[in-house]
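What follows is a set of notes on a single structure, which appears directly below.
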Amino acid sequence: MDTRPIGVFDSGLGGLTAVRQLRRLLPGEDIVYFGDTGRVPYGPRGRDTIVQYARQDVHFLLSRNVKFIMAACGTVSSTYPLEEAARLPVPYTGVIGAASRAAADATRNGCIGVIGTPATIRSGSYAAQLRQLVPGVRIVAKACPMFVPLVENGYVNDGNPVTRLIIEEYLTQVRDAGIDTLILGCTHYPLLKKMIGDFMGDSVTLIDPGKLTAIATARALEDLGLASGRRDGGTVRFFVSDTPEGFDEQERLFMGDCAGGDVEQIAIENY
Ligand code: DGL
């Protein structure tokens, strides 16, 4: 039994798609979430900057006495060195492994699409995992840099003409390549799932990394003896690096009926 909180972080609010799932699966666990809203997006930045930001995010969560850290961010998961993560005083997971395993299980024709931020696609992180899991896999990868600003600015309503146009611009080539599975390789993208799904068609299975990593985390906590043992009453504390003004509205967008919890601004550059 371990009643310390689970630590979750993202460059912004996309990681809340994972928190939403954690709340559903583990209503008795406390969660500390950090969203680096003052420095989002990470995806267009260089590797060294992303690693430095990720280190500060991890140090902040460790200062909150977390028992487990989830990088609910495709960009950090693709960039923060796993050797460094393995030396942390608590277990750490990114989102690449769980999403790649689900895609490997889902594909029938061995042709998988991966979309993500420029840093995620450049890193080849999903492709490397998929090659190990699916012999002869064909991967169609595409960076979609404008999806994160669209989501952070609320352009997520079904049929939004601006978003629909950008989906068409980025995904026409991916769709026409004959994939049967598409990894939404950034935790912001599930907010565009309906529109992406409509564009890709019913024959393409969409993989949501935050959701799958939450499921894997619930299992890991149990296996590692880190579960709280509580069935309900868990809380979420949110920390952001920009003003919390307007946070409630955005939280509702990402968390739906699982929204609720205190929010506080911190100076992440001090960690
Ligand atoms: N949610 C982050 C990810 O999964 C967004 C990346 C960004 O900040 O550009 O990659």
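Every chain in the structure tokens takes a letter, A first, then B, and so on in the order presented; its residues are numbered from 1, and the ligands are numbered from 1 following the presented order.
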
Just the residues within 12 Å of Glu251 of chain A, please, counting only C-alpha atoms, with nothing from its chain fewer than 6 positions along; format it as an MDAnalysis selection string. chainID A and resid 12:17 19:20 33 35 152 154 236:240 244:245 257:263

Just list as a ChimeraX atom specification whatever in segment 50-173 of chain A DSSP marks as strand (DSSP E). /A:68-71,92-93,111-116,138-143

Contacts of segment 41-51 of chain A within 7 Å, only C-alpha atoms, excl. fewer than 4 positions in-chain, as a PDB file with all heavy atoms, in the first residue's frame:
ATOM      1  N   SER A  11       3.825  18.814 -21.830  1.00  0.00           N
ATOM      2  CA  SER A  11       4.215  20.176 -22.200  1.00  0.00           C
ATOM      3  C   SER A  11       3.053  21.151 -21.972  1.00  0.00           C
ATOM      4  O   SER A  11       3.270  22.340 -21.804  1.00  0.00           O
ATOM      5  CB  SER A  11       4.602  20.206 -23.674  1.00  0.00           C
ATOM      6  OG  SER A  11       3.524  19.719 -24.447  1.00  0.00           O
ATOM      7  N   ARG A  55      13.696  17.351 -17.741  1.00  0.00           N
ATOM      8  CA  ARG A  55      14.382  17.184 -16.445  1.00  0.00           C
ATOM      9  C   ARG A  55      13.723  18.056 -15.377  1.00  0.00           C
ATOM     10  O   ARG A  55      13.496  17.613 -14.249  1.00  0.00           O
ATOM     11  CB  ARG A  55      15.850  17.608 -16.568  1.00  0.00           C
ATOM     12  CG  ARG A  55      16.700  16.546 -17.164  1.00  0.00           C
ATOM     13  CD  ARG A  55      18.172  16.925 -17.096  1.00  0.00           C
ATOM     14  NE  ARG A  55      18.894  15.916 -17.833  1.00  0.00           N
ATOM     15  CZ  ARG A  55      19.799  16.166 -18.777  1.00  0.00           C
ATOM     16  NH1 ARG A  55      20.154  17.402 -19.060  1.00  0.00           N
ATOM     17  NH2 ARG A  55      20.376  15.168 -19.404  1.00  0.00           N
ATOM     18  N   THR A  75       6.256  13.792 -27.188  1.00  0.00           N
ATOM     19  CA  THR A  75       7.512  14.473 -27.488  1.00  0.00           C
ATOM     20  C   THR A  75       8.571  14.169 -26.431  1.00  0.00           C
ATOM     21  O   THR A  75       9.714  13.819 -26.747  1.00  0.00           O
ATOM     22  CB  THR A  75       7.251  15.996 -27.566  1.00  0.00           C
ATOM     23  OG1 THR A  75       6.209  16.217 -28.515  1.00  0.00           O
ATOM     24  CG2 THR A  75       8.488  16.752 -27.960  1.00  0.00           C
ATOM     25  N   VAL A  76       8.207  14.284 -25.157  1.00  0.00           N
ATOM     26  CA  VAL A  76       9.148  13.953 -24.088  1.00  0.00           C
ATOM     27  C   VAL A  76       9.479  12.464 -24.119  1.00  0.00           C
ATOM     28  O   VAL A  76      10.646  12.063 -24.012  1.00  0.00           O
ATOM     29  CB  VAL A  76       8.578  14.343 -22.699  1.00  0.00           C
ATOM     30  CG1 VAL A  76       9.414  13.752 -21.571  1.00  0.00           C
ATOM     31  CG2 VAL A  76       8.493  15.855 -22.562  1.00  0.00           C
ATOM     32  N   THR A  79      12.153  11.703 -26.466  1.00  0.00           N
ATOM     33  CA  THR A  79      13.379  12.499 -26.393  1.00  0.00           C
ATOM     34  C   THR A  79      14.151  12.306 -25.083  1.00  0.00           C
ATOM     35  O   THR A  79      15.384  12.253 -25.079  1.00  0.00           O
ATOM     36  CB  THR A  79      13.019  14.004 -26.541  1.00  0.00           C
ATOM     37  OG1 THR A  79      12.177  14.162 -27.674  1.00  0.00           O
ATOM     38  CG2 THR A  79      14.250  14.858 -26.706  1.00  0.00           C
ATOM     39  N   TYR A  80      13.455  12.227 -23.966  1.00  0.00           N
ATOM     40  CA  TYR A  80      14.106  12.103 -22.657  1.00  0.00           C
ATOM     41  C   TYR A  80      14.811  10.733 -22.612  1.00  0.00           C
ATOM     42  O   TYR A  80      14.170   9.692 -22.828  1.00  0.00           O
ATOM     43  CB  TYR A  80      13.047  12.207 -21.561  1.00  0.00           C
ATOM     44  CG  TYR A  80      13.571  12.188 -20.148  1.00  0.00           C
ATOM     45  CD1 TYR A  80      14.491  13.139 -19.702  1.00  0.00           C
ATOM     46  CD2 TYR A  80      13.133  11.225 -19.237  1.00  0.00           C
ATOM     47  CE1 TYR A  80      14.957  13.119 -18.403  1.00  0.00           C
ATOM     48  CE2 TYR A  80      13.583  11.210 -17.936  1.00  0.00           C
ATOM     49  CZ  TYR A  80      14.500  12.153 -17.521  1.00  0.00           C
ATOM     50  OH  TYR A  80      14.957  12.132 -16.232  1.00  0.00           O
ATOM     51  N   THR A 117       4.364  15.231 -33.156  1.00  0.00           N
ATOM     52  CA  THR A 117       5.027  16.530 -33.311  1.00  0.00           C
ATOM     53  C   THR A 117       6.309  16.329 -34.131  1.00  0.00           C
ATOM     54  O   THR A 117       6.786  15.191 -34.285  1.00  0.00           O
ATOM     55  CB  THR A 117       5.388  17.110 -31.935  1.00  0.00           C
ATOM     56  OG1 THR A 117       6.381  16.268 -31.337  1.00  0.00           O
ATOM     57  CG2 THR A 117       4.178  17.217 -31.023  1.00  0.00           C
ATOM     58  N   PRO A 118       6.902  17.415 -34.623  1.00  0.00           N
ATOM     59  CA  PRO A 118       8.146  17.264 -35.400  1.00  0.00           C
ATOM     60  C   PRO A 118       9.229  16.506 -34.612  1.00  0.00           C
ATOM     61  O   PRO A 118       9.921  15.645 -35.169  1.00  0.00           O
ATOM     62  CB  PRO A 118       8.558  18.712 -35.669  1.00  0.00           C
ATOM     63  CG  PRO A 118       7.266  19.473 -35.669  1.00  0.00           C
ATOM     64  CD  PRO A 118       6.401  18.805 -34.636  1.00  0.00           C
ATOM     65  N   ALA A 119       9.369  16.792 -33.307  1.00  0.00           N
ATOM     66  CA  ALA A 119      10.414  16.115 -32.513  1.00  0.00           C
ATOM     67  C   ALA A 119      10.135  14.618 -32.398  1.00  0.00           C
ATOM     68  O   ALA A 119      11.055  13.794 -32.467  1.00  0.00           O
ATOM     69  CB  ALA A 119      10.507  16.741 -31.118  1.00  0.00           C
TER      70      ALA A 119
END

Would you kindly return, as a PyMOL selection string, each protein, DNA or RNA residue with an atom no farther than 10 Å from any atom of segment 195-200 of chain A, considering only C-alpha atoms and excluding same-chain residues fewer than 3 positions away? chain A and resi 156-160+163-164+167-168+171-172+174-176+179-182+184+189-192+203-206

Selection file, C-alpha atoms, as an mmCIF file, in the first residue's frame:
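The file below, out-v7.cif, is the result:
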data_model
loop_
_atom_site.group_PDB
_atom_site.id
_atom_site.type_symbol
_atom_site.label_atom_id
_atom_site.label_comp_id
_atom_site.auth_asym_id
_atom_site.auth_seq_id
_atom_site.Cartn_x
_atom_site.Cartn_y
_atom_site.Cartn_z
ATOM 1 C CA VAL A 156 -11.811 20.863 -31.522
ATOM 2 C CA ASN A 157 -15.539 21.138 -32.188
ATOM 3 C CA ASP A 158 -16.718 18.506 -34.634
ATOM 4 C CA GLY A 159 -16.611 19.789 -38.190
ATOM 5 C CA ASN A 160 -14.551 22.902 -37.400
ATOM 6 C CA THR A 163 -9.264 21.986 -38.329
ATOM 7 C CA ARG A 164 -10.863 19.932 -41.099
ATOM 8 C CA ILE A 167 -6.429 17.415 -41.180
ATOM 9 C CA GLU A 168 -6.896 17.056 -44.932
ATOM 10 C CA LEU A 171 -3.397 13.242 -43.561
ATOM 11 C CA THR A 172 -4.372 12.780 -47.199
ATOM 12 C CA VAL A 174 -1.164 8.998 -44.856
ATOM 13 C CA ARG A 175 -4.683 7.792 -45.652
ATOM 14 C CA ASP A 176 -3.868 7.062 -49.275
ATOM 15 C CA ILE A 179 -2.596 2.025 -43.459
ATOM 16 C CA ASP A 180 -5.113 0.115 -41.323
ATOM 17 C CA THR A 181 -3.896 1.511 -37.962
ATOM 18 C CA LEU A 182 -2.951 5.064 -36.994
ATOM 19 C CA LEU A 184 -2.171 9.435 -32.596
ATOM 20 C CA TYR A 189 -4.504 14.479 -30.716
ATOM 21 C CA PRO A 190 -7.297 12.387 -29.096
ATOM 22 C CA LEU A 191 -9.281 15.630 -28.903
ATOM 23 C CA LEU A 192 -9.347 15.528 -32.703
ATOM 24 C CA SER A 203 -11.273 0.691 -41.724
ATOM 25 C CA VAL A 204 -8.498 2.519 -39.808
ATOM 26 C CA THR A 205 -8.058 1.820 -36.076
ATOM 27 C CA LEU A 206 -6.957 4.884 -34.091
#

Provide the atom CA of Gly201 of chain A to atom CA of Gln129 of chain A distance in Å, to one decimal place.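 We find that atom CA of Gly201 of chain A and atom CA of Gln129 of chain A lie 25.4 Å from each other.
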
Residues of segment 206-260 of chain A within 12 Å of segment 144-151 of chain A: nearest atom pair and distance (Å, one decimal) for each, counting only C-alpha atoms, sorted by chain and number, as CSV?
residue,atom,partner,partner_atom,distance
A:Gln250,CA,A:Val151,CA,9.8
A:Leu253,CA,A:Val151,CA,9.6
A:Phe254,CA,A:Val151,CA,9.6

Residues within 9 Å of Ile31 of chain A, please, as a ChimeraX atom specification. Count only C-alpha atoms; anything in the same chain fewer than 6 positions from it doesn't count. /A:4-8,19,22-23,66,234-238

May I have all residues of segment 12-99 of chain A that DSSP, computed from the backbone, assigns to helix (DSSP H, G or I), given as an MDAnalysis selection string? chainID A and resid 16:25 47:63 74:79 82:86 96:99

Do a neighbour search on Ala220 of chain A at 12 Å with only C-alpha atoms, toss out local chain neighbours closer than 4 positions, and write the hits as a PyMOL selection string. chain A and resi 6+67-70+91-93+98+213-216+224-227

May I ask for the distance between atom 9 (O, counted along the ligand's line) of ligand 1 and atom CA of Lys211 of chain A, given in Å to one decimal place? 18.2 Å

Separation of atom CA of Glu269 of chain A and atom CA of Arg64 of chain A, in Å? 15.8 Å

Who sits within 7 Å of Ala72 of chain A, only C-alpha atoms, same chain under 6 positions skipped, as a list in words: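 Once the adjacent positions are removed, what remains is Val8, Phe9, Asp10, Gly15, Ala18, Gly94, Val95, Thr187 and Gly210 of chain A.
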
Those same residues - N, CA and C atoms - I'd like them written as a short mmCIF file (atom, residue, chain, number, x, y, z; two decimals), in the first residue's frame.
data_model
loop_
_atom_site.label_atom_id
_atom_site.label_comp_id
_atom_site.auth_asym_id
_atom_site.auth_seq_id
_atom_site.Cartn_x
_atom_site.Cartn_y
_atom_site.Cartn_z
N VAL A 8 2.11 13.00 -13.15
CA VAL A 8 1.88 12.98 -14.60
C VAL A 8 2.27 14.35 -15.14
N PHE A 9 2.98 14.38 -16.27
CA PHE A 9 3.27 15.70 -16.84
C PHE A 9 3.20 15.69 -18.36
N ASP A 10 3.05 16.90 -18.88
CA ASP A 10 3.01 17.11 -20.33
C ASP A 10 3.51 18.53 -20.58
N GLY A 15 -1.74 15.97 -21.83
CA GLY A 15 -1.58 14.85 -20.89
C GLY A 15 -2.82 14.61 -20.05
N ALA A 18 -4.63 11.45 -20.56
CA ALA A 18 -4.19 10.28 -19.78
C ALA A 18 -4.75 10.35 -18.35
N GLY A 94 7.00 6.42 -20.36
CA GLY A 94 6.53 7.31 -21.42
C GLY A 94 5.33 6.65 -22.08
N VAL A 95 4.94 7.17 -23.24
CA VAL A 95 3.72 6.64 -23.88
C VAL A 95 4.01 5.77 -25.11
N THR A 187 -0.30 13.34 -27.16
CA THR A 187 -1.45 13.22 -26.26
C THR A 187 -2.50 14.32 -26.46
N GLY A 210 -2.20 8.11 -24.57
CA GLY A 210 -2.42 8.47 -23.17
C GLY A 210 -3.32 7.46 -22.47
#

Which residue is closest to Asn270 of chain A? Choose from A:Phe34, A:Ile121, A:Ser241, A:Leu25 and count only C-alpha atoms.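 Of A:Phe34, A:Ile121, A:Ser241, A:Leu25, the one nearest Asn270 of chain A, counting only C-alpha atoms, is A:Ser241.
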